[in-house]
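Colleague: The following file, work37.cif, comprises mmCIF, C-alpha atoms:
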data_run
#
loop_
_atom_site.group_PDB
_atom_site.id
_atom_site.type_symbol
_atom_site.label_atom_id
_atom_site.label_comp_id
_atom_site.auth_asym_id
_atom_site.auth_seq_id
_atom_site.Cartn_x
_atom_site.Cartn_y
_atom_site.Cartn_z
ATOM 1 C CA MET A 1 21.275 -7.863 25.346
ATOM 2 C CA ASP A 2 22.019 -5.184 22.759
ATOM 3 C CA ILE A 3 18.739 -3.839 21.404
ATOM 4 C CA SER A 4 20.448 -1.541 18.913
ATOM 5 C CA GLN A 5 21.610 -4.468 16.787
ATOM 6 C CA ASP A 6 19.586 -5.523 13.754
ATOM 7 C CA PHE A 7 16.886 -8.161 14.153
ATOM 8 C CA PHE A 8 18.794 -10.851 12.258
ATOM 9 C CA SER A 9 21.890 -10.525 14.454
ATOM 10 C CA CYS A 10 19.882 -10.791 17.635
ATOM 11 C CA TYR A 11 18.735 -14.268 16.580
ATOM 12 C CA GLY A 12 22.144 -15.210 15.207
ATOM 13 C CA LEU A 13 20.727 -15.367 11.682
ATOM 14 C CA VAL A 14 22.421 -14.327 8.458
ATOM 15 C CA CYS A 15 20.929 -11.124 7.063
ATOM 16 C CA ASP A 16 18.978 -12.665 4.190
ATOM 17 C CA PHE A 17 15.436 -13.175 2.910
ATOM 18 C CA SER A 18 15.608 -16.961 3.278
ATOM 19 C CA ILE A 19 15.725 -17.824 6.939
ATOM 20 C CA ASP A 20 15.357 -20.957 9.013
ATOM 21 C CA MET A 21 11.912 -20.364 10.501
ATOM 22 C CA GLU A 22 12.258 -23.179 13.023
ATOM 23 C CA ALA A 23 15.562 -21.785 14.318
ATOM 24 C CA LEU A 24 13.967 -18.342 14.531
ATOM 25 C CA ARG A 25 11.016 -19.697 16.528
ATOM 26 C CA GLN A 26 13.218 -21.628 18.948
ATOM 27 C CA THR A 27 15.747 -18.847 19.529
ATOM 28 C CA HIS A 28 12.904 -16.376 19.987
ATOM 29 C CA ARG A 29 11.276 -18.564 22.629
ATOM 30 C CA SER A 30 14.484 -19.031 24.605
ATOM 31 C CA LEU A 31 15.422 -15.327 24.426
ATOM 32 C CA GLN A 32 11.898 -14.404 25.487
ATOM 33 C CA GLN A 33 12.143 -16.661 28.533
ATOM 34 C CA GLN A 34 15.625 -15.447 29.357
ATOM 35 C CA HIS A 35 14.579 -11.770 29.310
ATOM 36 C CA HIS A 36 11.027 -12.084 30.621
ATOM 37 C CA PRO A 37 10.265 -9.102 32.915
ATOM 38 C CA ASP A 38 8.785 -11.458 35.561
ATOM 39 C CA ARG A 39 12.284 -12.779 36.227
ATOM 40 C CA PHE A 40 13.558 -9.354 37.268
ATOM 41 C CA VAL A 41 10.847 -8.099 39.648
ATOM 42 C CA SER A 42 13.198 -8.169 42.652
ATOM 43 C CA GLN A 43 15.914 -6.238 40.861
ATOM 44 C CA SER A 44 16.592 -2.547 40.322
ATOM 45 C CA ASP A 45 14.314 -0.284 38.274
ATOM 46 C CA SER A 46 16.850 0.023 35.510
ATOM 47 C CA VAL A 47 17.230 -3.746 35.191
ATOM 48 C CA GLN A 48 13.440 -4.116 35.096
ATOM 49 C CA ARG A 49 13.136 -1.367 32.521
ATOM 50 C CA HIS A 50 15.757 -3.043 30.366
ATOM 51 C CA ALA A 51 13.863 -6.346 30.502
ATOM 52 C CA VAL A 52 10.707 -4.581 29.299
ATOM 53 C CA GLN A 53 12.631 -2.908 26.480
ATOM 54 C CA VAL A 54 14.233 -6.190 25.426
ATOM 55 C CA THR A 55 10.842 -7.914 25.413
ATOM 56 C CA ALA A 56 9.338 -5.175 23.235
ATOM 57 C CA TYR A 57 12.355 -5.365 20.926
ATOM 58 C CA LEU A 58 12.054 -9.156 20.642
ATOM 59 C CA ASN A 59 8.332 -8.980 19.893
ATOM 60 C CA GLN A 60 8.948 -6.489 17.122
ATOM 61 C CA ALA A 61 11.909 -8.448 15.791
ATOM 62 C CA TYR A 62 9.945 -11.692 15.673
ATOM 63 C CA ALA A 63 6.878 -10.087 14.087
ATOM 64 C CA THR A 64 9.096 -8.506 11.441
ATOM 65 C CA LEU A 65 11.185 -11.535 10.558
ATOM 66 C CA SER A 66 8.378 -14.086 10.586
ATOM 67 C CA GLU A 67 6.320 -12.259 7.902
ATOM 68 C CA PRO A 68 7.852 -12.365 4.413
ATOM 69 C CA LEU A 69 6.476 -8.916 3.505
ATOM 70 C CA LEU A 70 7.804 -7.248 6.650
ATOM 71 C CA ARG A 71 11.090 -9.144 6.388
ATOM 72 C CA GLY A 72 11.592 -7.900 2.831
ATOM 73 C CA ILE A 73 10.789 -4.299 3.752
ATOM 74 C CA TYR A 74 13.154 -4.536 6.721
ATOM 75 C CA LEU A 75 16.016 -5.918 4.623
ATOM 76 C CA LEU A 76 15.736 -2.945 2.275
ATOM 77 C CA GLN A 77 15.486 -0.523 5.195
ATOM 78 C CA LEU A 78 18.778 -1.946 6.486
ATOM 79 C CA LYS A 79 20.204 -0.947 3.087
ATOM 80 C CA GLY A 80 18.939 2.597 3.633
ATOM 81 C CA MET A 81 15.911 2.252 1.330
ATOM 82 C CA ASP A 82 12.291 3.171 2.027
ATOM 83 C CA PRO A 83 10.175 0.873 -0.164
ATOM 84 C CA LEU A 84 6.865 2.206 1.166
ATOM 85 C CA ALA A 85 7.699 5.902 0.833
ATOM 86 C CA PRO A 86 4.371 7.723 0.441
ATOM 87 C CA THR A 87 5.852 10.022 -2.188
ATOM 88 C CA ASN A 88 6.575 7.123 -4.525
ATOM 89 C CA THR A 89 3.301 6.308 -6.295
ATOM 90 C CA GLN A 90 4.704 4.900 -9.528
ATOM 91 C CA MET A 91 3.958 1.244 -10.092
ATOM 92 C CA PRO A 92 4.145 -0.802 -13.296
ATOM 93 C CA MET A 93 1.027 -0.097 -15.387
ATOM 94 C CA ASP A 94 0.136 -3.744 -15.996
ATOM 95 C CA PHE A 95 0.326 -4.406 -12.274
ATOM 96 C CA LEU A 96 -2.024 -1.522 -11.446
ATOM 97 C CA LEU A 97 -4.468 -2.631 -14.150
ATOM 98 C CA GLN A 98 -4.506 -6.107 -12.637
ATOM 99 C CA GLN A 99 -4.972 -4.619 -9.173
ATOM 100 C CA ILE A 100 -8.026 -2.671 -10.319
ATOM 101 C CA GLU A 101 -9.471 -5.813 -11.904
ATOM 102 C CA LEU A 102 -8.891 -7.816 -8.725
ATOM 103 C CA ARG A 103 -10.535 -5.134 -6.614
ATOM 104 C CA GLU A 104 -13.515 -5.043 -8.961
ATOM 105 C CA CYS A 105 -13.801 -8.830 -8.524
ATOM 106 C CA LEU A 106 -13.634 -8.381 -4.753
ATOM 107 C CA GLU A 107 -16.399 -5.779 -4.926
ATOM 108 C CA ASP A 108 -18.581 -8.115 -7.005
ATOM 109 C CA LEU A 109 -18.134 -10.890 -4.438
ATOM 110 C CA HIS A 110 -20.294 -8.933 -1.992
ATOM 111 C CA GLN A 111 -23.320 -9.566 -4.218
ATOM 112 C CA ALA A 112 -22.306 -12.981 -5.570
ATOM 113 C CA GLN A 113 -24.834 -15.823 -5.271
ATOM 114 C CA ASP A 114 -22.433 -18.544 -4.236
ATOM 115 C CA PRO A 115 -19.303 -16.641 -3.264
ATOM 116 C CA GLN A 116 -17.266 -19.379 -1.548
ATOM 117 C CA PRO A 117 -15.798 -21.041 -4.683
ATOM 118 C CA LYS A 118 -14.952 -17.598 -6.064
ATOM 119 C CA ILE A 119 -13.319 -16.572 -2.779
ATOM 120 C CA ASP A 120 -11.306 -19.808 -2.775
ATOM 121 C CA ALA A 121 -10.198 -19.259 -6.365
ATOM 122 C CA MET A 122 -9.149 -15.683 -5.669
ATOM 123 C CA MET A 123 -7.288 -16.739 -2.514
ATOM 124 C CA ALA A 124 -5.399 -19.366 -4.484
ATOM 125 C CA GLN A 125 -4.547 -16.791 -7.154
ATOM 126 C CA LEU A 126 -3.271 -14.275 -4.588
ATOM 127 C CA GLU A 127 -1.318 -16.957 -2.763
ATOM 128 C CA ALA A 128 0.420 -17.997 -5.988
ATOM 129 C CA GLN A 129 1.207 -14.380 -6.791
ATOM 130 C CA ALA A 130 2.583 -13.752 -3.302
ATOM 131 C CA ASN A 131 4.803 -16.843 -3.543
ATOM 132 C CA GLN A 132 6.099 -15.702 -6.918
ATOM 133 C CA LEU A 133 6.869 -12.201 -5.602
ATOM 134 C CA GLU A 134 8.638 -13.640 -2.561
ATOM 135 C CA SER A 135 10.862 -15.770 -4.760
ATOM 136 C CA ASP A 136 11.463 -12.786 -7.103
ATOM 137 C CA PHE A 137 12.477 -10.742 -4.088
ATOM 138 C CA ALA A 138 14.812 -13.450 -2.751
ATOM 139 C CA GLN A 139 16.532 -13.751 -6.112
ATOM 140 C CA ALA A 140 16.873 -10.005 -6.672
ATOM 141 C CA TYR A 141 18.113 -9.403 -3.146
ATOM 142 C CA ALA A 142 20.622 -12.257 -3.315
ATOM 143 C CA SER A 143 22.070 -10.837 -6.545
ATOM 144 C CA SER A 144 22.077 -7.272 -5.133
ATOM 145 C CA HIS A 145 19.489 -5.993 -7.627
ATOM 146 C CA LEU A 146 17.927 -3.880 -4.943
ATOM 147 C CA ASP A 147 15.676 -1.850 -7.270
ATOM 148 C CA GLN A 148 14.087 -5.072 -8.500
ATOM 149 C CA ALA A 149 13.793 -6.304 -4.943
ATOM 150 C CA GLU A 150 12.043 -3.069 -4.030
ATOM 151 C CA THR A 151 9.527 -3.434 -6.871
ATOM 152 C CA SER A 152 8.746 -6.989 -5.757
ATOM 153 C CA VAL A 153 8.170 -6.027 -2.145
ATOM 154 C CA ARG A 154 6.036 -3.033 -3.159
ATOM 155 C CA LYS A 155 3.865 -5.338 -5.262
ATOM 156 C CA LEU A 156 3.684 -7.802 -2.406
ATOM 157 C CA GLN A 157 2.292 -5.067 -0.157
ATOM 158 C CA PHE A 158 -0.712 -4.689 -2.516
ATOM 159 C CA ILE A 159 -1.251 -8.452 -2.654
ATOM 160 C CA VAL A 160 -1.142 -8.784 1.131
ATOM 161 C CA LYS A 161 -3.652 -5.942 1.442
ATOM 162 C CA LEU A 162 -5.995 -7.782 -0.937
ATOM 163 C CA GLN A 163 -5.549 -11.004 1.032
ATOM 164 C CA GLN A 164 -6.545 -9.173 4.202
ATOM 165 C CA GLN A 165 -9.618 -7.691 2.512
ATOM 166 C CA LEU A 166 -10.601 -11.080 1.158
ATOM 167 C CA ASP A 167 -10.197 -12.642 4.615
ATOM 168 C CA ALA A 168 -12.370 -9.902 6.090
ATOM 169 C CA LEU A 169 -15.011 -10.461 3.407
ATOM 170 C CA GLU A 170 -15.046 -14.194 4.043
ATOM 171 C CA GLY A 171 -15.528 -13.483 7.740
ATOM 172 C CA GLU A 172 -18.436 -11.143 6.989
ATOM 173 C CA LEU A 173 -20.148 -13.628 4.689
ATOM 174 C CA LEU A 174 -19.820 -16.446 7.206
ATOM 175 C CA ASP A 175 -21.659 -14.444 9.856
ATOM 176 C CA MET B 176 -9.137 9.554 13.796
ATOM 177 C CA ALA B 177 -12.117 11.651 12.744
ATOM 178 C CA TYR B 178 -12.733 12.507 9.114
ATOM 179 C CA SER B 179 -13.629 16.088 8.250
ATOM 180 C CA GLU B 180 -17.116 16.886 6.949
ATOM 181 C CA GLN B 181 -15.687 17.536 3.490
ATOM 182 C CA VAL B 182 -14.092 14.086 3.384
ATOM 183 C CA ILE B 183 -17.275 12.396 4.557
ATOM 184 C CA ASP B 184 -19.332 14.285 1.970
ATOM 185 C CA HIS B 185 -17.047 13.273 -0.923
ATOM 186 C CA TYR B 186 -16.811 9.735 0.430
ATOM 187 C CA GLU B 187 -20.568 9.288 0.797
ATOM 188 C CA ASN B 188 -21.429 11.165 -2.388
ATOM 189 C CA PRO B 189 -18.410 10.683 -4.609
ATOM 190 C CA ARG B 190 -18.529 12.822 -7.750
ATOM 191 C CA ASN B 191 -17.589 11.566 -11.187
ATOM 192 C CA VAL B 192 -17.020 7.894 -10.423
ATOM 193 C CA GLY B 193 -16.616 5.950 -13.625
ATOM 194 C CA LYS B 194 -14.551 4.963 -16.587
ATOM 195 C CA MET B 195 -13.846 6.437 -20.005
ATOM 196 C CA ASP B 196 -12.597 4.756 -23.158
ATOM 197 C CA GLU B 197 -8.843 4.529 -22.713
ATOM 198 C CA ASP B 198 -8.309 4.212 -26.445
ATOM 199 C CA ASP B 199 -10.026 7.524 -27.187
ATOM 200 C CA ALA B 200 -7.372 10.019 -28.336
ATOM 201 C CA HIS B 201 -9.071 12.738 -26.271
ATOM 202 C CA VAL B 202 -8.840 10.728 -23.064
ATOM 203 C CA GLY B 203 -5.857 10.670 -20.754
ATOM 204 C CA THR B 204 -5.628 7.909 -18.135
ATOM 205 C CA GLY B 205 -3.519 8.088 -15.011
ATOM 206 C CA MET B 206 -3.021 5.136 -12.715
ATOM 207 C CA VAL B 207 -1.072 5.261 -9.490
ATOM 208 C CA GLY B 208 -0.733 3.169 -6.364
ATOM 209 C CA ALA B 209 0.316 3.791 -2.790
ATOM 210 C CA PRO B 210 2.214 0.812 -1.402
ATOM 211 C CA ALA B 211 2.100 2.241 2.119
ATOM 212 C CA CYS B 212 -1.625 1.467 2.300
ATOM 213 C CA GLY B 213 -2.236 -0.552 -0.879
ATOM 214 C CA ASP B 214 -4.544 2.089 -2.374
ATOM 215 C CA VAL B 215 -5.058 2.142 -6.140
ATOM 216 C CA MET B 216 -6.363 5.147 -8.085
ATOM 217 C CA ARG B 217 -7.415 5.554 -11.709
ATOM 218 C CA LEU B 218 -8.054 9.099 -12.918
ATOM 219 C CA GLN B 219 -9.214 9.953 -16.429
ATOM 220 C CA ILE B 220 -9.625 13.277 -18.211
ATOM 221 C CA LYS B 221 -11.347 14.127 -21.474
ATOM 222 C CA VAL B 222 -9.673 17.043 -23.218
ATOM 223 C CA ASN B 223 -11.225 19.075 -26.061
ATOM 224 C CA ASP B 224 -9.395 20.535 -29.053
ATOM 225 C CA ALA B 225 -8.873 23.815 -27.197
ATOM 226 C CA GLY B 226 -6.876 21.966 -24.518
ATOM 227 C CA VAL B 227 -9.580 22.316 -21.891
ATOM 228 C CA ILE B 228 -10.614 19.431 -19.647
ATOM 229 C CA GLU B 229 -14.279 18.779 -20.435
ATOM 230 C CA ASP B 230 -14.836 15.837 -18.178
ATOM 231 C CA ALA B 231 -13.045 13.834 -15.504
ATOM 232 C CA LYS B 232 -13.743 10.437 -13.983
ATOM 233 C CA PHE B 233 -12.103 8.367 -11.287
ATOM 234 C CA LYS B 234 -12.155 5.017 -9.585
ATOM 235 C CA THR B 235 -10.297 4.639 -6.331
ATOM 236 C CA TYR B 236 -9.852 1.555 -4.200
ATOM 237 C CA GLY B 237 -8.719 2.868 -0.872
ATOM 238 C CA CYS B 238 -9.674 4.673 2.281
ATOM 239 C CA GLY B 239 -12.128 7.553 2.639
ATOM 240 C CA SER B 240 -9.427 10.182 2.255
ATOM 241 C CA ALA B 241 -8.141 8.684 -0.983
ATOM 242 C CA ILE B 242 -11.661 8.529 -2.416
ATOM 243 C CA ALA B 243 -12.411 12.084 -1.284
ATOM 244 C CA SER B 244 -9.117 13.378 -2.733
ATOM 245 C CA SER B 245 -9.814 11.921 -6.150
ATOM 246 C CA SER B 246 -13.479 12.954 -6.102
ATOM 247 C CA LEU B 247 -12.483 16.529 -5.262
ATOM 248 C CA VAL B 248 -9.875 16.848 -8.012
ATOM 249 C CA THR B 249 -12.265 15.558 -10.688
ATOM 250 C CA GLU B 250 -14.573 18.441 -9.749
ATOM 251 C CA TRP B 251 -11.757 20.950 -9.775
ATOM 252 C CA MET B 252 -10.302 19.845 -13.094
ATOM 253 C CA LYS B 253 -13.443 20.275 -15.178
ATOM 254 C CA GLY B 254 -13.083 23.475 -17.178
ATOM 255 C CA MET B 255 -9.379 23.802 -16.446
ATOM 256 C CA THR B 256 -6.672 23.847 -19.078
ATOM 257 C CA LEU B 257 -4.047 21.124 -18.849
ATOM 258 C CA ASP B 258 -1.554 23.645 -17.479
ATOM 259 C CA GLN B 259 -3.961 24.751 -14.771
ATOM 260 C CA ALA B 260 -4.710 21.154 -13.779
ATOM 261 C CA GLY B 261 -0.993 20.412 -13.711
ATOM 262 C CA GLU B 262 -0.587 23.085 -11.084
ATOM 263 C CA ILE B 263 -2.879 21.387 -8.560
ATOM 264 C CA ARG B 264 -0.715 20.442 -5.603
ATOM 265 C CA ASN B 265 -1.357 17.890 -2.912
ATOM 266 C CA SER B 266 -1.290 20.724 -0.366
ATOM 267 C CA ASN B 267 -4.322 22.329 -2.100
ATOM 268 C CA ILE B 268 -6.196 19.040 -1.750
ATOM 269 C CA SER B 269 -5.201 18.314 1.839
ATOM 270 C CA GLU B 270 -6.110 21.871 2.885
ATOM 271 C CA GLU B 271 -9.513 21.749 1.210
ATOM 272 C CA LEU B 272 -10.326 18.391 2.819
ATOM 273 C CA ALA B 273 -8.596 19.186 6.135
ATOM 274 C CA LEU B 274 -6.652 15.918 5.923
ATOM 275 C CA PRO B 275 -4.696 14.936 9.030
ATOM 276 C CA PRO B 276 -0.918 14.375 8.602
ATOM 277 C CA VAL B 277 -1.256 10.565 8.422
ATOM 278 C CA LYS B 278 -3.540 10.941 5.393
ATOM 279 C CA ILE B 279 -1.448 13.404 3.405
ATOM 280 C CA HIS B 280 -0.225 10.556 1.207
ATOM 281 C CA CYS B 281 -3.785 10.247 -0.149
ATOM 282 C CA SER B 282 -3.527 13.766 -1.572
ATOM 283 C CA VAL B 283 -0.052 12.952 -2.954
ATOM 284 C CA LEU B 284 -1.660 10.020 -4.744
ATOM 285 C CA ALA B 285 -4.296 12.314 -6.294
ATOM 286 C CA GLU B 286 -1.701 14.876 -7.429
ATOM 287 C CA ASP B 287 0.389 12.137 -9.032
ATOM 288 C CA ALA B 288 -2.709 10.688 -10.716
ATOM 289 C CA ILE B 289 -3.435 14.079 -12.316
ATOM 290 C CA LYS B 290 0.130 14.307 -13.638
ATOM 291 C CA ALA B 291 -0.016 10.735 -14.943
ATOM 292 C CA ALA B 292 -3.333 11.435 -16.738
ATOM 293 C CA ILE B 293 -1.964 14.621 -18.330
ATOM 294 C CA ASP B 294 1.231 12.844 -19.430
ATOM 295 C CA ASN B 295 -0.815 10.012 -20.894
ATOM 296 C CA TYR B 296 -3.019 12.450 -22.833
ATOM 297 C CA LYS B 297 0.008 14.356 -24.171
ATOM 298 C CA SER B 298 1.719 11.155 -25.240
ATOM 299 C CA LYS B 299 -1.272 10.419 -27.508
ATOM 300 C CA GLN B 300 -1.195 13.751 -29.358
#
For the file at hand, write its structure as structure tokens.
Modeller:
Amino acid sequence: MDISQDFFSCYGLVCDFSIDMEALRQTHRSLQQQHHPDRFVSQSDSVQRHAVQVTAYLNQAYATLSEPLLRGIYLLQLKGMDPLAPTNTQMPMDFLLQQIELRECLEDLHQAQDPQPKIDAMMAQLEAQANQLESDFAQAYASSHLDQAETSVRKLQFIVKLQQQLDALEGELLD
Amino acid sequence: MAYSEQVIDHYENPRNVGKMDEDDAHVGTGMVGAPACGDVMRLQIKVNDAGVIEDAKFKTYGCGSAIASSSLVTEWMKGMTLDQAGEIRNSNISEELALPPVKIHCSVLAEDAIKAAIDNYKSKQ
């Protein structure tokens, strides 16, 4: 198996944001079995090494394609872009204002009396925003408006970070 | 990864955390974000009629290095002219805080926040 090909090709998928998740899952499982290092223990070192490399490649490919955020970033990287470049700190002002507000809300949740309904509401809000950004990305990418696609995926990165922080907070409060 | 003592000090005792009135003509507000880590930084300066920064405030949602970078620059900027503040480079910040290479982007964020605050102030004059 050629591990220099892009992740979409290795699963026989079209290089696009919308993918058939079930097909991805099934192809991944069969490729994983086919190239599992345990099947090559009696063979030469180079064959064994290749099986390990293929397995690592498949794990990375699957992790990348199965997450919308990572899939979007990867699609732009294939176009030679670097959406998460650390030197690019410009984001739309209204988006940053909203981000600061959301993070203030998150901070307040630590001291909230009955935080669960507020956590649920914020989760629902973030989920809706993430869905919107994913569909914005899909549309922009499909019509080759790559700058717009990049803005959407950059925004999505902030939303996903907030979702992770909210998950962590919920875990803390449950303990 | 271990944080330097300077980072820990600014993180545990951040200077100048707060918010100024954005609508005040003497106040410049800079907001920037780092998608790589999802950090958000708001930096504000209050400039007197002589063009000197009298006060600076920040609020940063991010890691220790991002908080320390913004805390440090608010201390530095007080008493500086706008031109002097505009000359602060991320390398000055990362050197002072001994930031490791993976955290350099935090100092880039702080430098860009300074520029954004200065631009915002100038646009109001």
Colleague: Give me, as a list of chain:residue names, all polymer residues having an atom no more than 7 Å from region 248-251 of chain B, counting only C-alpha atoms and skipping those fewer than 4 positions away in the same chain.
Modeller: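 Counting only the stated atoms, we get B:Asn191, B:Ala231, B:Lys232, B:Ser244.
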Colleague: Kindly indicate which residue among B:Gly226, B:Pro276, B:Gly237, B:Gly213 lies nearest to chain A, using only C-alpha atoms for the distances.
Modeller: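 When distances to chain A are compared using only C-alpha atoms, the smallest one comes from B:Gly213.
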Colleague: Using the chain letters and residue numbers of this document, give as a list in words the residues selected by the PyMOL selection byres ((chain B) within 9 of (chain A)).
Modeller: Met206, Val207, Gly208, Ala209, Pro210, Ala211, Cys212, Gly213, Asp214, Val215, Met216, Arg217, Lys234, Thr235, Tyr236, Ile279, His280, Cys281, Val283, Leu284, Asp287 and Ala288 of chain B
Colleague: Can you list what the PyMOL selection byres ((chain B and resi 219) around 12) grabs from this structure, as a PDB file with C-alpha atoms, in the coordinates of the input?
Modeller:
ATOM      1  CA  ASN B 191     -17.589  11.566 -11.187  1.00  0.00           C
ATOM      2  CA  VAL B 192     -17.020   7.894 -10.423  1.00  0.00           C
ATOM      3  CA  GLY B 193     -16.616   5.950 -13.625  1.00  0.00           C
ATOM      4  CA  LYS B 194     -14.551   4.963 -16.587  1.00  0.00           C
ATOM      5  CA  MET B 195     -13.846   6.437 -20.005  1.00  0.00           C
ATOM      6  CA  ASP B 196     -12.597   4.756 -23.158  1.00  0.00           C
ATOM      7  CA  GLU B 197      -8.843   4.529 -22.713  1.00  0.00           C
ATOM      8  CA  ASP B 198      -8.309   4.212 -26.445  1.00  0.00           C
ATOM      9  CA  ASP B 199     -10.026   7.524 -27.187  1.00  0.00           C
ATOM     10  CA  HIS B 201      -9.071  12.738 -26.271  1.00  0.00           C
ATOM     11  CA  VAL B 202      -8.840  10.728 -23.064  1.00  0.00           C
ATOM     12  CA  GLY B 203      -5.857  10.670 -20.754  1.00  0.00           C
ATOM     13  CA  THR B 204      -5.628   7.909 -18.135  1.00  0.00           C
ATOM     14  CA  GLY B 205      -3.519   8.088 -15.011  1.00  0.00           C
ATOM     15  CA  MET B 206      -3.021   5.136 -12.715  1.00  0.00           C
ATOM     16  CA  VAL B 207      -1.072   5.261  -9.490  1.00  0.00           C
ATOM     17  CA  MET B 216      -6.363   5.147  -8.085  1.00  0.00           C
ATOM     18  CA  ARG B 217      -7.415   5.554 -11.709  1.00  0.00           C
ATOM     19  CA  LEU B 218      -8.054   9.099 -12.918  1.00  0.00           C
ATOM     20  CA  ILE B 220      -9.625  13.277 -18.211  1.00  0.00           C
ATOM     21  CA  LYS B 221     -11.347  14.127 -21.474  1.00  0.00           C
ATOM     22  CA  VAL B 222      -9.673  17.043 -23.218  1.00  0.00           C
ATOM     23  CA  ILE B 228     -10.614  19.431 -19.647  1.00  0.00           C
ATOM     24  CA  GLU B 229     -14.279  18.779 -20.435  1.00  0.00           C
ATOM     25  CA  ASP B 230     -14.836  15.837 -18.178  1.00  0.00           C
ATOM     26  CA  ALA B 231     -13.045  13.834 -15.504  1.00  0.00           C
ATOM     27  CA  LYS B 232     -13.743  10.437 -13.983  1.00  0.00           C
ATOM     28  CA  PHE B 233     -12.103   8.367 -11.287  1.00  0.00           C
ATOM     29  CA  LYS B 234     -12.155   5.017  -9.585  1.00  0.00           C
ATOM     30  CA  THR B 235     -10.297   4.639  -6.331  1.00  0.00           C
ATOM     31  CA  SER B 245      -9.814  11.921  -6.150  1.00  0.00           C
ATOM     32  CA  SER B 246     -13.479  12.954  -6.102  1.00  0.00           C
ATOM     33  CA  VAL B 248      -9.875  16.848  -8.012  1.00  0.00           C
ATOM     34  CA  THR B 249     -12.265  15.558 -10.688  1.00  0.00           C
ATOM     35  CA  MET B 252     -10.302  19.845 -13.094  1.00  0.00           C
ATOM     36  CA  LYS B 253     -13.443  20.275 -15.178  1.00  0.00           C
ATOM     37  CA  ALA B 285      -4.296  12.314  -6.294  1.00  0.00           C
ATOM     38  CA  ALA B 288      -2.709  10.688 -10.716  1.00  0.00           C
ATOM     39  CA  ILE B 289      -3.435  14.079 -12.316  1.00  0.00           C
ATOM     40  CA  LYS B 290       0.130  14.307 -13.638  1.00  0.00           C
ATOM     41  CA  ALA B 291      -0.016  10.735 -14.943  1.00  0.00           C
ATOM     42  CA  ALA B 292      -3.333  11.435 -16.738  1.00  0.00           C
ATOM     43  CA  ILE B 293      -1.964  14.621 -18.330  1.00  0.00           C
ATOM     44  CA  ASP B 294       1.231  12.844 -19.430  1.00  0.00           C
ATOM     45  CA  ASN B 295      -0.815  10.012 -20.894  1.00  0.00           C
ATOM     46  CA  TYR B 296      -3.019  12.450 -22.833  1.00  0.00           C
TER      47      TYR B 296
END
Colleague: Which residue gives the smallest distance to Ile242 (chain B) among B:Leu257, B:Ile263, B:Val227, B:Ile183, with only C-alpha atoms counted?
Modeller: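 Counting only C-alpha atoms, the residue closest to Ile242 (chain B) is B:Ile183.
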Colleague: Figure out the distance between CA of Glu134 (chain A) and CA of Gln60 (chain A), please, to one decimal in Å.
Modeller: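 These atoms are spaced 20.9 Å apart.
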Colleague: Work out how far apart CA of Leu169 (chain A) and CA of Ser240 (chain B) are and give it in Å to one decimal.
Modeller: 21.4 Å
Colleague: Run the PyMOL selection byres ((chain A and resi 115-126) around 9) mentally over the shown coordinates, then write out the matched residues as a tab-separated table (two decimals) with C-alpha atoms, keeping the file's coordinate frame, using the chain letters and numbers from the document.
Modeller:
chain	number	residue	atom	x	y	z
A	102	LEU	CA	-8.89	-7.82	-8.72
A	105	CYS	CA	-13.80	-8.83	-8.52
A	106	LEU	CA	-13.63	-8.38	-4.75
A	109	LEU	CA	-18.13	-10.89	-4.44
A	110	HIS	CA	-20.29	-8.93	-1.99
A	111	GLN	CA	-23.32	-9.57	-4.22
A	112	ALA	CA	-22.31	-12.98	-5.57
A	113	GLN	CA	-24.83	-15.82	-5.27
A	114	ASP	CA	-22.43	-18.54	-4.24
A	127	GLU	CA	-1.32	-16.96	-2.76
A	128	ALA	CA	0.42	-18.00	-5.99
A	129	GLN	CA	1.21	-14.38	-6.79
A	130	ALA	CA	2.58	-13.75	-3.30
A	131	ASN	CA	4.80	-16.84	-3.54
A	159	ILE	CA	-1.25	-8.45	-2.65
A	160	VAL	CA	-1.14	-8.78	1.13
A	162	LEU	CA	-6.00	-7.78	-0.94
A	163	GLN	CA	-5.55	-11.00	1.03
A	166	LEU	CA	-10.60	-11.08	1.16
A	167	ASP	CA	-10.20	-12.64	4.62
A	169	LEU	CA	-15.01	-10.46	3.41
A	170	GLU	CA	-15.05	-14.19	4.04
A	173	LEU	CA	-20.15	-13.63	4.69
Colleague: Using only C-alpha atoms, can you tell me which of A:Phe17, A:Phe137, A:Tyr62, A:Tyr57 comes closest to Asp2 (chain A)?
Modeller: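 Of all the options, A:Tyr57 lies closest to Asp2 (chain A).
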Colleague: For Val54 (chain A), which residue among A:Ser9, A:Ser144, A:Gln34, A:Thr151 is the nearest when counting all atoms listed in the file?
Modeller: A:Gln34
Colleague: Just checking: using only C-alpha atoms, which residue out of B:Glu180, B:Lys278, B:Glu187, B:Glu286 ends up closest to Arg264 (chain B)?
Modeller: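 Of all the options, B:Glu286 lies closest to Arg264 (chain B).
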Colleague: Report as a list in words all protein, DNA and RNA residues lying within 12 Å of Arg29 (chain A), evaluated on all atoms listed in the file, omitting residues in the same chain fewer than 4 positions from it.
Modeller: Tyr11, Glu22, Ala23, Leu24, Arg25, Gln33, Gln34, His35, His36, Thr55, Leu58, Asn59 and Tyr62 of chain A
Colleague: Between CA of Thr27 (chain A) and CA of Tyr141 (chain A), what is the distance in Å, rounded to a tenth?
Modeller: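 Atom-to-atom, CA of Thr27 (chain A) to CA of Tyr141 (chain A), that is 24.7 Å.
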